[in-house]
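Visitor: What follows is my_file.txt, made up of compact mmCIF, C-alpha atoms:
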# COMPACT_ATOMS: atom_id res chain seq x y z
CA MET A 1 100.17 100.40 101.52
CA TRP A 2 100.58 103.80 103.08
CA TYR A 3 104.22 104.13 102.05
CA ARG A 4 103.51 103.93 98.31
CA ILE A 5 103.90 107.47 96.97
CA ASP A 6 103.63 108.75 93.42
CA PHE A 7 105.90 111.77 93.63
CA THR A 8 104.91 113.15 90.22
CA ARG A 9 101.25 113.20 91.19
CA PHE A 10 102.13 114.56 94.63
CA VAL A 11 104.05 117.50 93.12
CA GLN A 12 101.23 118.14 90.67
CA GLN A 13 98.70 118.28 93.49
CA LEU A 14 100.87 120.67 95.50
CA LEU A 15 101.22 123.11 92.61
CA PRO A 16 98.50 125.72 92.25
CA PRO A 17 96.36 125.01 89.16
CA ILE A 18 97.59 128.12 87.42
CA LEU A 19 101.20 126.84 87.50
CA ARG A 20 100.45 123.31 86.21
CA SER A 21 101.86 123.64 82.73
CA LYS A 22 103.72 120.94 80.83
CA VAL A 23 106.99 122.85 81.08
CA MET A 24 106.67 123.35 84.84
CA MET A 25 105.75 119.69 85.38
CA ALA A 26 108.72 118.55 83.28
CA LEU A 27 110.98 120.79 85.35
CA PHE A 28 109.63 119.37 88.61
CA ARG A 29 110.02 115.80 87.32
CA VAL A 30 113.70 116.56 86.86
CA PHE A 31 113.88 118.01 90.38
CA ILE A 32 112.31 114.97 91.98
CA THR A 33 114.41 112.40 90.08
CA PRO A 34 116.94 111.98 92.96
CA LEU A 35 114.08 111.63 95.42
CA ARG A 36 112.42 108.99 93.26
CA TYR A 37 115.75 107.16 92.97
CA LEU A 38 116.10 107.06 96.78
CA TYR A 39 112.48 106.02 97.11
CA ASP A 40 112.98 103.11 94.68
CA LYS A 41 116.05 102.04 96.66
CA PHE A 42 113.94 102.20 99.83
CA LEU A 43 111.23 99.99 98.30
CA ALA A 44 113.80 97.45 97.12
CA TYR A 45 115.38 97.38 100.58
CA ARG A 46 111.96 97.06 102.25
CA ASP A 47 110.99 94.13 100.01
CA ASN A 48 114.30 92.43 100.80
CA VAL A 49 113.82 92.90 104.55
CA SER A 50 110.21 91.76 104.31
CA SER A 51 111.20 88.54 102.57
CA ARG A 52 113.90 87.91 105.21
CA LEU A 53 111.43 88.50 108.04
CA ASN A 54 109.05 85.92 106.58
CA ILE A 55 111.74 83.27 107.13
CA THR A 56 111.70 83.04 110.89
CA ALA A 57 113.47 80.49 113.02
CA ASN A 58 110.13 78.86 113.73
CA VAL A 59 109.36 78.42 110.02
CA GLN A 60 112.82 76.98 109.41
CA TYR A 61 112.42 74.62 112.36
CA ILE A 62 109.04 73.31 111.18
CA GLN A 63 110.40 72.90 107.66
CA LYS A 64 113.45 71.05 108.97
CA ALA A 65 111.33 68.83 111.22
CA LEU A 66 109.05 67.88 108.32
CA ASN A 67 111.97 67.14 106.00
CA ASP A 68 113.80 65.16 108.68
CA ALA A 69 110.72 63.07 109.43
CA PHE A 70 110.82 61.67 105.89
CA TYR A 71 114.63 61.78 105.48
CA LEU A 72 114.46 64.39 102.70
CA THR A 73 117.68 66.27 101.94
CA ASP A 74 116.71 68.79 99.23
CA ASN A 75 113.93 70.60 101.16
CA GLN A 76 111.17 69.00 99.13
CA ILE A 77 108.74 70.08 101.86
CA TYR A 78 108.85 73.85 102.06
CA ILE A 79 106.85 76.65 103.62
CA GLU A 80 105.79 79.95 102.04
CA THR A 81 104.00 82.94 103.46
CA PRO A 82 100.98 84.15 101.45
CA GLU A 83 100.62 87.79 100.49
CA ASP A 84 98.97 90.08 103.00
CA GLU A 85 95.45 90.82 101.77
CA ARG A 86 94.23 93.00 104.64
CA THR A 87 92.52 96.23 103.74
CA PRO A 88 92.60 99.42 105.77
CA SER A 89 89.79 100.08 108.20
CA PHE A 90 89.36 103.77 107.52
CA TYR A 91 89.12 105.54 104.21
CA PHE A 92 89.02 109.07 102.95
CA GLN A 93 85.64 110.20 101.69
CA ASN A 94 86.93 110.62 98.13
CA GLU A 95 88.01 106.95 97.98
CA GLY A 96 84.38 105.92 97.55
CA GLN A 97 84.38 103.09 100.08
CA PRO A 98 81.24 102.23 102.05
CA ALA A 99 80.82 104.07 105.33
CA ILE A 100 81.58 102.36 108.64
CA TYR A 101 79.29 103.39 111.49
CA PHE A 102 80.21 103.06 115.14
CA TYR A 103 77.63 103.27 117.86
CA MET A 104 77.10 102.35 121.48
CA ALA A 105 74.66 99.57 122.22
CA GLY A 106 73.04 100.55 125.50
CA SER A 107 75.60 101.66 128.04
CA LYS A 108 78.31 99.29 126.87
CA PRO A 109 81.46 100.85 125.39
CA PHE A 110 82.12 100.39 121.70
CA TYR A 111 85.26 98.82 120.39
CA LEU A 112 87.09 100.06 117.37
CA ARG A 113 88.45 97.16 115.37
CA SER A 114 88.86 96.05 111.83
CA PRO A 115 87.44 92.74 110.60
CA ASP A 116 91.02 91.91 109.60
CA ASP A 117 92.46 92.26 113.11
CA VAL A 118 92.16 88.53 113.66
CA PRO A 119 93.56 86.63 110.68
CA GLN A 120 90.90 84.51 109.03
CA SER A 121 93.22 83.08 106.40
CA GLU A 122 96.32 80.95 106.55
CA THR A 123 99.47 82.40 108.07
CA TYR A 124 101.65 80.08 106.04
CA ILE A 125 101.29 77.45 103.33
CA ILE A 126 103.09 74.10 103.52
CA PHE A 127 103.89 72.50 100.18
CA ILE A 128 104.09 68.69 100.19
CA PRO A 129 105.38 66.70 97.17
CA THR A 130 103.17 64.07 95.58
CA PHE A 131 105.56 61.23 96.38
CA LEU A 132 104.63 61.64 100.07
CA CYS A 133 100.94 62.32 99.76
CA THR A 134 98.70 62.15 96.70
CA SER A 135 95.56 63.66 98.22
CA LEU A 136 94.44 65.44 101.38
CA ASP A 137 91.52 63.03 101.54
CA THR A 138 92.70 59.86 103.30
CA THR A 139 90.38 57.61 101.28
CA GLU A 140 91.85 58.80 97.96
CA ASP A 141 95.47 58.91 99.14
CA LYS A 142 97.80 56.26 97.77
CA TYR A 143 99.42 55.85 101.21
CA LYS A 144 96.06 55.72 103.05
CA GLY A 145 96.87 58.96 104.89
CA GLU A 146 99.82 57.59 106.91
CA ASN A 147 102.28 60.25 105.75
CA LEU A 148 99.63 62.94 106.01
CA GLN A 149 98.96 61.97 109.63
CA ILE A 150 102.68 62.24 110.43
CA ILE A 151 102.73 65.71 108.84
CA TYR A 152 99.66 66.81 110.84
CA ASN A 153 101.20 65.51 114.08
CA ILE A 154 104.44 67.41 113.50
CA LEU A 155 102.59 70.59 112.55
CA ASN A 156 100.25 70.47 115.55
CA ASN A 157 103.23 69.87 117.82
CA TYR A 158 105.48 72.66 116.51
CA LYS A 159 103.22 75.35 115.05
CA PRO A 160 103.00 78.59 117.04
CA ALA A 161 99.77 79.38 118.84
CA GLY A 162 97.35 81.51 116.86
CA ARG A 163 98.92 80.61 113.51
CA MET A 164 96.90 78.90 110.83
CA TYR A 165 98.30 76.83 108.01
CA CYS A 166 97.11 75.04 104.94
CA ILE A 167 98.68 72.18 103.06
CA GLU A 168 99.04 72.16 99.29
CA ILE A 169 100.30 69.23 97.26
CA TYR A 170 102.59 69.88 94.31
CA ASP A 171 104.01 67.63 91.61
CA TYR A 172 107.64 66.90 92.32
CA GLU A 173 109.76 66.31 89.24
Starting from the file, lay out its structure as structure tokens.
Guide:
Amino acid sequence: MWYRIDFTRFVQQLLPPILRSKVMMALFRVFITPLRYLYDKFLAYRDNVSSRLNITANVQYIQKALNDAFYLTDNQIYIETPEDERTPSFYFQNEGQPAIYFYMAGSKPFYLRSPDDVPQSETYIIFIPTFLCTSLDTTEDKYKGENLQIIYNILNNYKPAGRMYCIEIYDYE
């Protein structure tokens, strides 16, 4: 992401080439140590906040509704948010990415958008234990898809608009 900074490389790039000796770089590494410490604290805090923001009231409510539907007490059905895999739309020339061309078709205005503006992948993943559902295919499921249909009904009723989900089955021990 844009907030990831390598301070050693940054200082090296700011120094004129004539001053880039090993002694000078070692001295600047010592100077930037407090800044790197604060930056590491910032990244740890940001990761903590990011993980807390992934647990919204809506996610907790859906998780509780699914667990309550099957009278589960230990949160055997749980929801996780996948990692964000979007890539930036614009690049610097030295990054070597393919060029993106914008043009006007006729007299219509052109719209600037990234292919990742609309999420094409799942917004969250729902993990279901095997004692509720053995397969996502109703013909292969041990329960003939009855529990899976209850899960789909709850999800379609409570999921937020525009959010996409996928269901994964895990072995519960």
Visitor: Which residues are near Glu173 in chain A? Cut-off 12 Å, all atoms listed in the file, ignore same chain within fewer than 2 positions. Put them as a list in words.
Guide: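 My list of contacting residues is Gln76, Pro129, Thr130, Phe131, Tyr170 and Asp171 of chain A.
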Visitor: For Pro82 in chain A, which of A:Ala44, A:Ile126, A:Val49, A:Leu15 is the closest residue, counting all atoms listed in the file?
Guide: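 Counting all atoms listed in the file, the residue closest to Pro82 in chain A is A:Ile126.
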Visitor: Under the rule that all atoms listed in the file are counted, which of A:Ile151, A:Pro17, A:Leu43, A:Thr8 is the nearest residue to Arg29 in chain A?
Guide: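 Using all atoms listed in the file, the shortest distance to Arg29 in chain A belongs to A:Thr8.
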Visitor: Pick out the residues sitting within 12 Å of Gly145 in chain A, and hand them over as JSON, numbers by chain; count all atoms listed in the file, and ignore anything fewer than 4 positions along from it in its own chain.
Guide: {"A": [132, 133, 134, 135, 136, 137, 138, 139, 140, 141, 149, 150, 151, 152]}
Visitor: Kindly export the residues of the current selection with C-alpha atoms, as a short mmCIF file (atom, residue, chain, number, x, y, z; two decimals), in the coordinates of the input.
Guide:
data_model
loop_
_atom_site.label_atom_id
_atom_site.label_comp_id
_atom_site.auth_asym_id
_atom_site.auth_seq_id
_atom_site.Cartn_x
_atom_site.Cartn_y
_atom_site.Cartn_z
CA LEU A 132 104.63 61.64 100.07
CA CYS A 133 100.94 62.32 99.76
CA THR A 134 98.70 62.15 96.70
CA SER A 135 95.56 63.66 98.22
CA LEU A 136 94.44 65.44 101.38
CA ASP A 137 91.52 63.03 101.54
CA THR A 138 92.70 59.86 103.30
CA THR A 139 90.38 57.61 101.28
CA GLU A 140 91.85 58.80 97.96
CA ASP A 141 95.47 58.91 99.14
CA GLN A 149 98.96 61.97 109.63
CA ILE A 150 102.68 62.24 110.43
CA ILE A 151 102.73 65.71 108.84
CA TYR A 152 99.66 66.81 110.84
#
Visitor: Between CA of Leu148 in chain A and CA of Ala65 in chain A, what is the spacing in Å?
Guide: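 Value for the CA of Ala65 in chain A-CA of Leu148 in chain A distance: 14.1 Å.
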Visitor: Would you compute the distance between CA of Arg9 in chain A and CA of Asn48 in chain A? Give it in Å to one decimal.
Guide: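 The value is 26.3 Å.
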Visitor: Figure out the distance between CA of Asn94 in chain A and CA of Pro16 in chain A, please, to one decimal in Å.
Guide: 19.9 Å
Visitor: Using only C-alpha atoms, determine which residues lie at most 7 Å from Met164 in chain A, disregarding the query and same-chain residues fewer than 2 positions distant; provide the list as JSON, numbers by chain.
Guide: {"A": [122, 123, 124, 162]}
Visitor: Would you pick out the contacts of Ile77 in chain A at 7 Å or less, using all atoms listed in the file, so that residues sharing its chain but fewer than 5 positions from it are not included, and give the list as a PyMOL selection string?
Guide: chain A and resi 63+66-67+127-129
Visitor: With distances taken over all atoms listed in the file, which residue among A:Gln60, A:Val23, A:Ile18, A:Lys144 lies nearest Glu80 in chain A?
Guide: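 Using all atoms listed in the file, the shortest distance to Glu80 in chain A belongs to A:Gln60.
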Visitor: Measuring between only C-alpha atoms, which one of A:Tyr78, A:Phe7, A:Met24, A:Asn157 shows the shortest distance to Leu38 in chain A?
Guide: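 The shortest atom-to-atom distance to Leu38 in chain A comes from A:Phe7.
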